[in-house]
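Containing compact mmCIF, C-alpha atoms: entry.txt.
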# COMPACT_ATOMS: atom_id res chain seq x y z
CA MET K 1 25.94 -23.31 -18.94
CA HIS K 2 26.08 -24.30 -15.27
CA GLN K 3 28.27 -21.28 -14.51
CA ASP K 4 25.83 -18.98 -16.32
CA ILE K 5 22.97 -20.30 -14.18
CA GLU K 6 24.96 -19.80 -11.00
CA ASN K 7 25.84 -16.24 -12.04
CA THR K 8 22.16 -15.50 -12.64
CA LYS K 9 21.24 -16.85 -9.22
CA ALA K 10 23.96 -14.79 -7.55
CA ALA K 11 22.75 -11.68 -9.38
CA SER K 12 19.25 -12.14 -7.99
CA ARG K 13 20.37 -12.12 -4.34
CA THR K 14 20.85 -9.30 -1.89
CA THR K 15 21.74 -9.47 1.78
CA GLY K 16 18.17 -9.27 3.06
CA VAL K 17 16.34 -11.88 0.96
CA ASP K 18 17.35 -14.65 -1.43
CA SER K 19 15.03 -13.55 -4.21
CA GLU K 20 15.87 -16.57 -6.37
CA LYS K 21 14.62 -18.88 -3.63
CA VAL K 22 11.58 -16.68 -3.03
CA ARG K 23 10.78 -16.55 -6.74
CA ALA K 24 10.27 -20.30 -6.78
CA ASP K 25 7.25 -19.85 -4.49
CA PHE K 26 5.35 -17.75 -7.08
CA PRO K 27 3.90 -19.86 -9.92
CA ILE K 28 3.05 -16.88 -12.12
CA LEU K 29 6.73 -15.95 -12.37
CA ASN K 30 7.23 -19.08 -14.47
CA ARG K 31 5.24 -17.45 -17.26
CA VAL K 32 6.84 -16.57 -20.57
CA ILE K 33 5.61 -13.29 -22.07
CA ASN K 34 6.33 -12.65 -25.75
CA GLY K 35 9.10 -15.21 -25.68
CA HIS K 36 10.79 -13.78 -22.58
CA ARG K 37 10.65 -14.76 -18.92
CA LEU K 38 8.25 -12.58 -16.95
CA VAL K 39 10.01 -9.76 -15.11
CA TYR K 40 7.31 -8.34 -12.86
CA LEU K 41 8.06 -4.77 -11.78
CA ASP K 42 4.55 -3.46 -11.11
CA ASN K 43 4.38 -4.31 -7.42
CA ALA K 44 3.22 -0.87 -6.30
CA ALA K 45 0.00 -1.59 -8.19
CA SER K 46 -0.40 -5.17 -6.94
CA SER K 47 1.96 -7.92 -5.86
CA GLN K 48 2.00 -11.52 -7.05
CA LYS K 49 0.83 -14.36 -4.79
CA PRO K 50 2.88 -17.26 -3.43
CA THR K 51 1.65 -20.84 -3.57
CA ALA K 52 0.91 -20.70 0.17
CA VAL K 53 -1.69 -17.95 -0.37
CA ILE K 54 -3.20 -19.59 -3.44
CA ASP K 55 -3.47 -22.89 -1.54
CA ALA K 56 -5.07 -21.17 1.45
CA LEU K 57 -7.73 -19.66 -0.81
CA THR K 58 -8.43 -23.00 -2.47
CA ARG K 59 -8.40 -24.86 0.85
CA TYR K 60 -10.98 -22.49 2.32
CA TYR K 61 -13.43 -23.02 -0.55
CA THR K 62 -12.73 -26.76 -0.65
CA HIS K 63 -13.07 -27.53 3.04
CA THR K 64 -14.48 -24.63 5.08
CA ASN K 65 -16.74 -22.40 3.00
CA ALA K 66 -19.60 -20.96 5.09
CA ASN K 67 -20.83 -17.61 6.32
CA ILE K 68 -19.30 -16.33 9.53
CA HIS K 69 -20.34 -15.21 13.03
CA ARG K 70 -23.98 -16.25 12.81
CA GLY K 71 -24.00 -19.98 12.09
CA LEU K 72 -23.80 -22.67 14.76
CA HIS K 73 -22.81 -25.56 12.52
CA THR K 74 -19.26 -26.88 12.13
CA LEU K 75 -18.40 -25.14 8.86
CA ALA K 76 -19.62 -21.77 10.11
CA GLU K 77 -17.64 -22.10 13.32
CA GLU K 78 -14.48 -23.12 11.40
CA ALA K 79 -14.88 -20.21 8.97
CA THR K 80 -15.43 -17.76 11.81
CA ALA K 81 -12.36 -19.02 13.66
CA ALA K 82 -10.18 -18.71 10.54
CA TYR K 83 -11.47 -15.20 9.80
CA GLU K 84 -10.86 -14.01 13.34
CA ARG K 85 -7.39 -15.62 13.40
CA THR K 86 -6.46 -13.32 10.55
CA ARG K 87 -7.72 -10.33 12.53
CA GLU K 88 -5.58 -11.34 15.49
CA HIS K 89 -2.59 -11.91 13.20
CA THR K 90 -3.07 -8.52 11.54
CA ALA K 91 -3.24 -6.82 14.93
CA ARG K 92 0.14 -8.35 15.85
CA PHE K 93 1.68 -7.58 12.45
CA ILE K 94 1.19 -3.81 12.78
CA GLY K 95 2.48 -3.49 16.31
CA GLY K 96 0.24 -5.38 18.70
CA VAL K 97 -2.98 -3.40 18.61
CA LYS K 98 -6.31 -4.61 20.02
CA GLN K 99 -8.27 -6.93 17.74
CA SER K 100 -11.25 -4.61 18.15
CA GLU K 101 -9.18 -1.89 16.46
CA VAL K 102 -8.74 -3.89 13.23
CA ILE K 103 -11.54 -3.35 10.72
CA PHE K 104 -11.61 -5.39 7.50
CA THR K 105 -12.66 -3.46 4.40
CA ASN K 106 -12.45 -4.14 0.68
CA GLY K 107 -9.21 -2.17 0.38
CA ALA K 108 -7.22 0.80 1.64
CA THR K 109 -9.44 3.07 -0.45
CA GLU K 110 -12.59 2.00 1.39
CA ALA K 111 -10.77 2.24 4.72
CA ILE K 112 -9.94 5.91 4.07
CA ASN K 113 -13.43 6.64 2.79
CA LEU K 114 -14.86 5.03 5.93
CA VAL K 115 -13.00 7.55 8.08
CA ALA K 116 -13.99 10.47 5.87
CA ALA K 117 -17.67 9.48 5.89
CA THR K 118 -17.89 8.91 9.62
CA TRP K 119 -15.20 10.62 11.71
CA GLY K 120 -14.79 13.35 9.10
CA GLU K 121 -18.47 14.16 8.85
CA ASP K 122 -18.77 14.51 12.62
CA ASN K 123 -15.51 16.28 13.41
CA VAL K 124 -14.80 18.66 10.53
CA GLY K 125 -16.86 21.84 10.25
CA GLU K 126 -16.98 25.12 8.39
CA GLY K 127 -13.65 26.93 8.53
CA ASP K 128 -11.79 23.89 9.87
CA GLU K 129 -8.65 22.72 8.13
CA ILE K 130 -7.52 19.39 6.69
CA LEU K 131 -3.81 19.05 5.99
CA ILE K 132 -2.55 16.66 3.31
CA THR K 133 0.65 16.47 1.24
CA GLU K 134 1.36 17.12 -2.43
CA MET K 135 2.32 13.48 -2.96
CA GLU K 136 -0.99 11.83 -2.08
CA HIS K 137 -2.62 9.04 -4.07
CA HIS K 138 -6.16 9.97 -5.12
CA ALA K 139 -7.49 7.54 -2.50
CA ASN K 140 -6.08 9.80 0.23
CA LEU K 141 -6.96 13.02 -1.56
CA VAL K 142 -10.40 12.83 -3.17
CA PRO K 143 -12.26 11.94 0.08
CA TRP K 144 -10.79 15.03 1.78
CA VAL K 145 -11.43 17.30 -1.21
CA LEU K 146 -15.09 16.27 -1.18
CA LEU K 147 -15.37 16.48 2.61
CA ALA K 148 -13.88 19.98 2.57
CA GLN K 149 -16.38 21.02 -0.09
CA ARG K 150 -19.34 19.59 1.83
CA LYS K 151 -18.27 21.13 5.12
CA LYS K 152 -16.86 24.40 3.74
CA ALA K 153 -13.57 23.45 5.31
CA ILE K 154 -10.12 24.42 4.05
CA LEU K 155 -7.77 21.89 2.46
CA ARG K 156 -4.10 22.72 2.93
CA ARG K 157 -1.08 20.84 1.64
CA ILE K 158 2.51 20.24 2.70
CA PRO K 159 4.77 21.10 -0.25
CA LEU K 160 7.68 19.04 -1.53
CA THR K 161 11.35 19.85 -1.75
CA SER K 162 13.15 19.60 -5.09
CA ASP K 163 14.55 16.19 -4.14
CA GLY K 164 11.16 14.62 -3.40
CA TYR K 165 10.89 14.91 0.38
CA LEU K 166 8.23 16.72 2.37
CA ASN K 167 9.15 20.28 3.25
CA LEU K 168 9.07 19.56 6.97
CA PRO K 169 9.85 23.10 8.21
CA GLU K 170 6.56 24.16 6.59
CA VAL K 171 4.57 21.75 8.73
CA SER K 172 4.76 23.90 11.85
CA ARG K 173 3.29 26.82 9.92
CA LEU K 174 0.60 24.77 8.22
CA ILE K 175 -0.73 23.03 11.34
CA THR K 176 -2.92 25.51 13.19
CA ASP K 177 -5.51 25.46 15.94
CA ARG K 178 -8.12 24.96 13.19
CA THR K 179 -6.46 21.80 11.85
CA ARG K 180 -8.73 18.83 12.50
CA LEU K 181 -6.94 16.16 10.50
CA VAL K 182 -3.50 15.52 9.04
CA ALA K 183 -3.68 12.81 6.34
CA PHE K 184 -0.57 11.63 4.55
CA THR K 185 1.02 8.67 2.86
CA HIS K 186 3.63 6.63 4.70
CA MET K 187 5.39 5.88 1.39
CA SER K 188 4.72 7.63 -1.91
CA ASN K 189 3.50 5.40 -4.73
CA VAL K 190 5.25 7.70 -7.24
CA LEU K 191 8.38 9.04 -5.56
CA GLY K 192 9.06 6.17 -3.17
CA THR K 193 9.61 8.76 -0.41
CA ILE K 194 9.22 7.38 3.11
CA ASN K 195 7.66 10.02 5.35
CA PRO K 196 8.44 10.47 9.07
CA VAL K 197 5.18 9.17 10.50
CA LYS K 198 6.03 9.55 14.16
CA GLN K 199 7.34 13.10 13.77
CA LEU K 200 4.31 14.28 11.80
CA THR K 201 1.94 12.55 14.21
CA GLU K 202 3.50 14.22 17.22
CA GLN K 203 3.23 17.64 15.58
CA ALA K 204 -0.41 17.03 14.69
CA HIS K 205 -1.33 15.84 18.16
CA LEU K 206 0.29 18.88 19.77
CA ALA K 207 -2.22 20.96 17.85
CA GLY K 208 -5.11 18.66 18.77
CA ALA K 209 -5.46 17.23 15.26
CA ALA K 210 -6.11 13.59 14.39
CA VAL K 211 -3.82 11.65 12.04
CA LEU K 212 -4.67 9.27 9.22
CA VAL K 213 -1.86 7.46 7.39
CA ASP K 214 -2.17 5.75 4.02
CA GLY K 215 0.08 2.76 4.54
CA ALA K 216 -0.72 0.87 1.32
CA GLN K 217 2.86 1.15 0.04
CA ALA K 218 4.58 0.87 3.43
CA VAL K 219 3.16 -2.15 5.24
CA PRO K 220 4.26 -4.60 2.50
CA HIS K 221 7.83 -3.33 2.48
CA LEU K 222 9.02 -2.31 5.94
CA PRO K 223 8.28 -2.90 9.63
CA VAL K 224 5.29 -0.84 10.76
CA ASN K 225 4.28 -0.23 14.36
CA VAL K 226 1.21 1.97 14.61
CA VAL K 227 1.33 1.89 18.42
CA ASP K 228 4.85 3.30 18.55
CA ASP K 229 4.02 5.87 15.87
CA GLY K 230 0.90 6.91 17.77
CA VAL K 231 -1.35 7.33 14.72
CA ASP K 232 -5.11 7.53 15.02
CA PHE K 233 -6.00 5.77 11.75
CA TYR K 234 -3.89 3.63 9.43
CA ALA K 235 -5.06 2.03 6.16
CA PHE K 236 -3.52 -0.66 3.96
CA SER K 237 -4.38 -3.42 1.47
CA SER K 238 -3.81 -7.16 1.29
CA HIS K 239 -3.19 -7.34 -2.46
CA LYS K 240 -0.03 -5.24 -2.32
CA MET K 241 1.53 -7.58 0.27
CA LEU K 242 1.16 -11.01 -1.36
CA GLY K 243 -2.48 -11.45 -0.31
CA PRO K 244 -5.75 -11.60 -2.25
CA THR K 245 -7.50 -8.63 -3.80
CA GLY K 246 -10.63 -7.22 -2.19
CA VAL K 247 -9.25 -7.15 1.37
CA GLY K 248 -8.19 -4.01 3.18
CA VAL K 249 -7.50 -3.04 6.76
CA LEU K 250 -8.38 0.04 8.75
CA TYR K 251 -6.65 0.38 12.10
CA GLY K 252 -8.35 2.93 14.32
CA ARG K 253 -7.84 3.82 17.96
CA GLU K 254 -10.61 2.20 19.95
CA GLU K 255 -11.79 5.38 21.64
CA LEU K 256 -12.30 7.01 18.24
CA LEU K 257 -13.98 4.01 16.64
CA GLU K 258 -16.40 3.75 19.55
CA LYS K 259 -17.70 7.26 18.87
CA MET K 260 -17.95 6.86 15.08
CA ARG K 261 -21.17 6.09 13.24
CA PRO K 262 -21.29 2.95 11.07
CA TYR K 263 -20.19 3.36 7.46
CA ASN K 264 -22.49 0.67 6.02
CA THR K 265 -25.60 -0.81 7.57
CA GLY K 266 -27.27 -4.20 7.40
CA GLY K 267 -26.51 -7.59 8.86
CA GLU K 268 -23.83 -8.27 11.50
CA MET K 269 -23.21 -4.62 12.39
CA ILE K 270 -26.27 -4.58 14.67
CA ARG K 271 -27.00 -5.92 18.13
CA GLU K 272 -30.74 -5.24 18.05
CA VAL K 273 -33.10 -3.90 15.40
CA ARG K 274 -36.53 -2.47 16.18
CA PHE K 275 -39.00 -0.60 14.04
CA ASP K 276 -38.24 2.50 16.07
CA GLY K 277 -34.46 2.22 16.37
CA VAL K 278 -31.24 0.25 16.15
CA THR K 279 -28.54 -0.76 18.64
CA PHE K 280 -25.16 -1.20 16.98
CA ASN K 281 -22.84 -4.15 17.51
CA ASP K 282 -19.54 -3.98 19.39
CA LEU K 283 -16.24 -3.23 17.67
CA PRO K 284 -15.01 -4.27 15.20
CA HIS K 285 -18.28 -5.70 13.85
CA LYS K 286 -20.02 -2.33 13.90
CA PHE K 287 -18.06 -1.46 10.74
CA GLU K 288 -18.34 -4.81 8.94
CA ALA K 289 -21.87 -4.96 7.56
CA GLY K 290 -22.96 -7.88 5.42
CA THR K 291 -20.96 -10.87 4.24
CA PRO K 292 -17.29 -9.88 3.86
CA ASN K 293 -14.63 -11.34 1.59
CA ILE K 294 -14.19 -14.27 3.96
CA ALA K 295 -11.96 -16.36 1.71
CA GLY K 296 -9.74 -13.38 0.95
CA VAL K 297 -9.31 -12.54 4.63
CA VAL K 298 -8.51 -16.15 5.49
CA ALA K 299 -5.89 -16.34 2.72
CA PHE K 300 -4.44 -12.99 3.83
CA ASP K 301 -3.33 -14.82 6.97
CA ALA K 302 -1.02 -16.94 4.81
CA ALA K 303 0.45 -13.79 3.24
CA LEU K 304 1.21 -12.35 6.67
CA THR K 305 2.88 -15.61 7.68
CA TYR K 306 4.97 -15.64 4.49
CA LEU K 307 6.24 -12.11 5.13
CA GLU K 308 6.94 -12.87 8.80
CA ASN K 309 8.97 -15.91 7.78
CA LEU K 310 11.08 -13.67 5.54
CA GLY K 311 11.30 -11.05 8.28
CA MET K 312 10.20 -7.49 7.59
CA GLU K 313 13.63 -6.13 8.49
CA SER K 314 15.08 -8.43 5.83
CA VAL K 315 12.43 -7.35 3.33
CA ARG K 316 13.38 -3.73 3.95
CA GLN K 317 17.11 -4.45 3.67
CA HIS K 318 16.55 -6.30 0.41
CA GLU K 319 14.76 -3.31 -1.09
CA ILE K 320 17.34 -0.80 0.13
CA GLU K 321 20.08 -2.72 -1.63
CA LEU K 322 18.07 -3.47 -4.76
CA THR K 323 16.79 0.11 -5.03
CA GLY K 324 20.32 1.43 -4.72
CA TYR K 325 21.45 -0.91 -7.48
CA ALA K 326 18.54 0.14 -9.69
CA LEU K 327 19.18 3.86 -9.16
CA ASN K 328 22.84 3.41 -10.03
CA ARG K 329 22.07 1.48 -13.19
CA LEU K 330 19.40 3.93 -14.35
CA THR K 331 22.00 6.71 -14.28
CA GLU K 332 23.82 4.83 -17.06
CA ILE K 333 21.06 5.83 -19.48
CA PRO K 334 21.78 9.34 -20.85
CA GLY K 335 18.97 11.81 -20.31
CA LEU K 336 16.82 9.54 -18.17
CA GLU K 337 15.28 11.48 -15.27
CA VAL K 338 14.49 9.63 -12.04
CA GLN K 339 11.93 11.17 -9.67
CA GLY K 340 12.22 11.23 -5.90
CA PRO K 341 15.04 10.90 -3.37
CA VAL K 342 18.40 9.63 -4.57
CA ASP K 343 19.22 7.96 -1.23
CA PRO K 344 17.73 4.43 -1.04
CA LEU K 345 17.59 4.78 2.76
CA GLY K 346 14.99 7.52 2.35
CA ARG K 347 12.79 5.76 -0.14
CA GLY K 348 11.16 2.45 -0.95
CA GLY K 349 11.49 0.36 -4.09
CA VAL K 350 9.17 2.56 -6.18
CA ILE K 351 11.13 4.19 -8.99
CA SER K 352 9.41 6.59 -11.39
CA PHE K 353 11.35 7.88 -14.36
CA THR K 354 10.94 9.72 -17.65
CA ASP K 355 12.83 9.86 -20.92
CA PRO K 356 12.49 13.30 -22.56
CA LYS K 357 12.24 11.71 -26.02
CA ILE K 358 9.92 8.75 -25.35
CA HIS K 359 6.41 8.82 -23.85
CA PRO K 360 6.04 6.61 -20.75
CA HIS K 361 3.24 4.64 -22.44
CA ASP K 362 5.58 3.77 -25.32
CA ILE K 363 8.25 2.72 -22.83
CA SER K 364 5.79 0.44 -21.05
CA THR K 365 4.50 -1.11 -24.29
CA LEU K 366 7.95 -1.86 -25.65
CA LEU K 367 9.12 -3.27 -22.31
CA ASP K 368 6.10 -5.55 -22.29
CA SER K 369 7.24 -6.92 -25.66
CA ARG K 370 10.30 -8.15 -23.77
CA GLY K 371 8.29 -9.65 -20.91
CA ILE K 372 8.87 -6.77 -18.50
CA ALA K 373 5.83 -5.45 -16.63
CA ILE K 374 6.01 -1.85 -15.40
CA ARG K 375 3.37 0.85 -14.94
CA ALA K 376 2.99 4.06 -16.97
CA GLY K 377 0.67 7.00 -16.38
CA HIS K 378 -0.14 9.42 -13.57
CA HIS K 379 -0.38 6.59 -11.00
CA CYS K 380 -3.56 8.06 -9.46
CA ALA K 381 -1.58 11.13 -8.41
CA GLN K 382 -2.50 13.83 -10.91
CA PRO K 383 -1.86 16.78 -8.57
CA LEU K 384 1.63 15.42 -7.86
CA MET K 385 2.29 15.15 -11.60
CA LYS K 386 1.45 18.84 -11.96
CA VAL K 387 3.81 19.70 -9.11
CA MET K 388 6.53 17.67 -10.85
CA GLY K 389 5.79 19.24 -14.23
CA LYS K 390 4.99 15.86 -15.76
CA VAL K 391 2.02 14.44 -17.60
CA ALA K 392 3.00 10.87 -16.75
CA THR K 393 5.96 8.74 -15.72
CA ALA K 394 7.11 5.18 -16.21
CA ARG K 395 7.32 3.32 -12.90
CA ALA K 396 9.23 0.20 -11.91
CA SER K 397 8.41 -1.07 -8.43
CA LEU K 398 10.26 -3.83 -6.59
CA TYR K 399 9.42 -6.63 -4.20
CA VAL K 400 10.86 -9.70 -2.51
CA TYR K 401 11.03 -11.86 -5.66
CA ASN K 402 12.92 -9.25 -7.67
CA GLY K 403 16.68 -9.43 -7.96
CA ARG K 404 19.52 -7.69 -9.72
CA ASP K 405 18.88 -9.82 -12.79
CA ASP K 406 15.46 -8.16 -13.07
CA ILE K 407 17.07 -4.72 -12.90
CA ASP K 408 19.61 -5.74 -15.53
CA ALA K 409 16.79 -6.93 -17.79
CA LEU K 410 15.02 -3.58 -17.29
CA ILE K 411 18.11 -1.57 -18.17
CA GLU K 412 18.83 -3.68 -21.26
CA ALA K 413 15.23 -3.24 -22.43
CA LEU K 414 15.33 0.51 -21.84
CA MET K 415 18.51 0.72 -23.89
CA GLU K 416 16.83 -1.29 -26.65
CA THR K 417 13.82 1.02 -26.50
CA ARG K 418 16.06 4.03 -27.09
CA ARG K 419 17.68 2.29 -30.04
CA TYR K 420 14.22 1.51 -31.42
CA PHE K 421 13.43 5.23 -31.41
CA GLY K 422 16.80 6.06 -32.93
CA ILE K 423 18.15 7.71 -29.80
Would you encode the structure as structure tokens?
Amino acid sequence: MHQDIENTKAASRTTGVDSEKVRADFPILNRVINGHRLVYLDNAASSQKPTAVIDALTRYYTHTNANIHRGLHTLAEEATAAYERTREHTARFIGGVKQSEVIFTNGATEAINLVAATWGEDNVGEGDEILITEMEHHANLVPWVLLAQRKKAILRRIPLTSDGYLNLPEVSRLITDRTRLVAFTHMSNVLGTINPVKQLTEQAHLAGAAVLVDGAQAVPHLPVNVVDDGVDFYAFSSHKMLGPTGVGVLYGREELLEKMRPYNTGGEMIREVRFDGVTFNDLPHKFEAGTPNIAGVVAFDAALTYLENLGMESVRQHEIELTGYALNRLTEIPGLEVQGPVDPLGRGGVISFTDPKIHPHDISTLLDSRGIAIRAGHHCAQPLMKVMGKVATARASLYVYNGRDDIDALIEALMETRRYFGI
């Protein structure tokens, strides 16, 4: 028995991260689902939370709870300090930007919508062009579709190659002197493809276009430096990187944010209110109207610290190795079709697949009966599904607490699913 336990532990490790040790920090992973240990492989939708984050949330409500920025009493000052510490920490985490360039939102979706409703409304006009990719999540597609419709602008898209990468030679043709914005995902939530942010940004800037990057899948899984990449806007979410739900981040270059109108109005985002006019507050507060998710932001600080202690280079190395192992094992299943790049160096730990004889929803349901959580559906990327010729896919997505034993459990369950359907 002791040897079996040791073999299991060894199977859960890769060079980058000791996932067995990490797993012990996540109470929910002790759950038993339908008589099986929980194997959580739905991290692209939302990650689990370590004890450090849960404790930070509880500690805030137990000891510090108060509204921020306006109060002069002890609790208000402590809450404000904790909230702003997270802003400073976030600024460092993404490459050392100014704190005034970090806007807290309720998620990456709101961050993108903020840019569309402010910068987009003022900088995109009739006949102008917005360039996106065919692999975008709806959050980085719908705002631009609607903006283009309102402004009578033209929405163009960068096509994909057959192996799941962007067709980069097409970019030079698609970016024109009418292109006002290039918006693209850093890492696809369906294909796992990691896009060349710096290269695309440089091409856009040469044409005078601004760049917005959806980093929701990238920031949790690899080192990100928005300063080095030179992007204008970058959006991501806390809940996909071990933090609480309801917290997002918009990074924007200060000179652009200064010129943008507020997205919401009300308390905190003003400096002076008169019956005949309003003077807006300084950055970043101009974009943070009302009472924010203070507790969530404060606990997000603990998530950032947890990831820094692991080291983002190690997190990335862990997923390269584990993704490679998963891709190799999935090829053992006859007829299974994996979407996206085959090289783990060119993709993250998001693996979408289909079985020609079993609907993805059936795969997900039967895997759940064995305690394995994956996602099935169009993954908020319906246009991409049409490009791929699929209605839906099953998707297993990896994170720091997943190990080879989780992949082995997935493969065994997929094999059992095929036997259940008589395949």
Å distance separating CA of His73 in chain K from CA of Arg87 in chain K, one decimal place = 21.4 Å
Can you write out as a tab-separated table which residues of range 218-286 of chain K fall within 12 Å of range 39-47 of chain K, alongside each residue's closest atom pair and its distance in Å to one decimal, counting all atoms listed in the file and ordering rows by chain and ascending residue number?
residue	atom	partner	partner_atom	distance
K:Ala218	CA	K:Ala44	CA	10.0
K:Val219	CA	K:Ala44	CA	11.6
K:Pro220	CA	K:Ser47	CA	9.3
K:His221	CA	K:Ala44	CA	10.2
K:Ser237	CA	K:Ser46	CA	9.5
K:Ser238	CA	K:Ser46	CA	9.1
K:His239	CA	K:Ser46	CA	5.7
K:Lys240	CA	K:Ser46	CA	4.6
K:Met241	CA	K:Ser47	CA	6.2
K:Leu242	CA	K:Ser47	CA	5.5
K:Gly243	CA	K:Ser47	CA	7.9
K:Pro244	CA	K:Ser47	CA	9.3
K:Thr245	CA	K:Ser46	CA	8.5
K:Gly246	CA	K:Ser46	CA	11.5
Now that the selection is made, can you save its residues with C-alpha atoms as a compact mmCIF listing (two decimals), keeping the file's coordinate frame?
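So out_1.txt came out as:
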# COMPACT_ATOMS: atom_id res chain seq x y z
CA ALA K 218 4.58 0.87 3.43
CA VAL K 219 3.16 -2.15 5.24
CA PRO K 220 4.26 -4.60 2.50
CA HIS K 221 7.83 -3.33 2.48
CA SER K 237 -4.38 -3.42 1.47
CA SER K 238 -3.81 -7.16 1.29
CA HIS K 239 -3.19 -7.34 -2.46
CA LYS K 240 -0.03 -5.24 -2.32
CA MET K 241 1.53 -7.58 0.27
CA LEU K 242 1.16 -11.01 -1.36
CA GLY K 243 -2.48 -11.45 -0.31
CA PRO K 244 -5.75 -11.60 -2.25
CA THR K 245 -7.50 -8.63 -3.80
CA GLY K 246 -10.63 -7.22 -2.19
Pick out the closest residue to Leu141 in chain K from this set: K:Val124, K:Val197, K:Val213, K:Ala394. Count only C-alpha atoms.
-> K:Val213
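Remark: for Glu84 in chain K, the closest of the candidate residues K:Ala299, K:Gly107, K:Ile270, K:Arg156 is K:Ala299 (distances computed over only C-alpha atoms).
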Tell me which of K:Ala148, K:Leu181, K:Ala79, K:Leu191 sits closest to Met388 in chain K, counting all atoms listed in the file.
-> K:Leu191
Coordinates-based distance that separates CA of Glu268 in chain K from CA of Ala82 in chain K (Å, one decimal) =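 A separation of 17.2 Å between them.
If all atoms listed in the file are the atoms counted, then among K:Pro341, K:Pro284, K:Gly127, K:Gly403 the closest residue to Arg253 in chain K is K:Pro284.
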Check the smallest atom-to-atom distance from each of K:Val247, K:Val350, K:Ile28, K:Ala111 to Ala295 in chain K using all atoms listed in the file, then report the winner.
-> K:Val247
What's the 12 Å shell around Thr417 in chain K, counting all atoms listed in the file, without same-chain residues fewer than 5 positions away, as a list in words?
-> Ile333, Asp355, Lys357, Ile358, His359, Pro360, His361, Asp362, Ile363, Ser364, Thr365, Leu366, Leu367, Asp368, Ser369, Arg370, Leu410, Ile411, Glu412, Gly422 and Ile423 of chain K
Check the smallest atom-to-atom distance from each of K:Asn123, K:Ser188, K:Thr201, K:Asn113 to Val142 in chain K using only C-alpha atoms, then report the winner.
-> K:Asn113
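Note that CA of Ile320 in chain K and CA of Glu20 in chain K are 17.1 Å apart.
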Using all atoms listed in the file, collect all residues at a distance of at most 10 Å from (-6.7, -1.0, 7.8) as written in the file, then present them as a PyMOL selection string.
-> chain K and resi 90-91+94+101-112+213-216+233-238+247-252
For range 223-228 of chain K, list every protein, DNA or RNA residue within 6 Å, evaluated using all atoms listed in the file, and leave out those in the same chain fewer than 3 positions away; present the list as an mmCIF file with C-alpha atoms, keeping the file's coordinate frame.
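Contents of the output file part-v4.cif:
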data_model
loop_
_atom_site.group_PDB
_atom_site.id
_atom_site.type_symbol
_atom_site.label_atom_id
_atom_site.label_comp_id
_atom_site.auth_asym_id
_atom_site.auth_seq_id
_atom_site.Cartn_x
_atom_site.Cartn_y
_atom_site.Cartn_z
ATOM 1 C CA ILE K 94 1.190 -3.810 12.780
ATOM 2 C CA GLY K 95 2.480 -3.490 16.310
ATOM 3 C CA VAL K 231 -1.350 7.330 14.720
ATOM 4 C CA MET K 312 10.200 -7.490 7.590
#
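Near (-4.2, -18.2, 5.0), the residues inside the 9 Å limit, counting all atoms listed in the file, come to Ala52, Val53, Ile54, Asp55, Ala56, Leu57, Arg59, Tyr60, Ala82, Thr86, Gly243, Ala295, Gly296, Val297, Val298, Ala299, Phe300, Asp301, Ala302, Ala303, Leu304 and Thr305 of chain K.
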Within 9 Å of Met269 in chain K, counting only C-alpha atoms, which residues qualify if same-chain residues fewer than 4 places away don't, as a list in words?
->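 What passes the distance filter is Pro262, Asn264, Thr265, Phe280, Asn281, Asp282, Leu283, Pro284, His285, Lys286, Phe287, Glu288, Ala289 and Gly290 of chain K.
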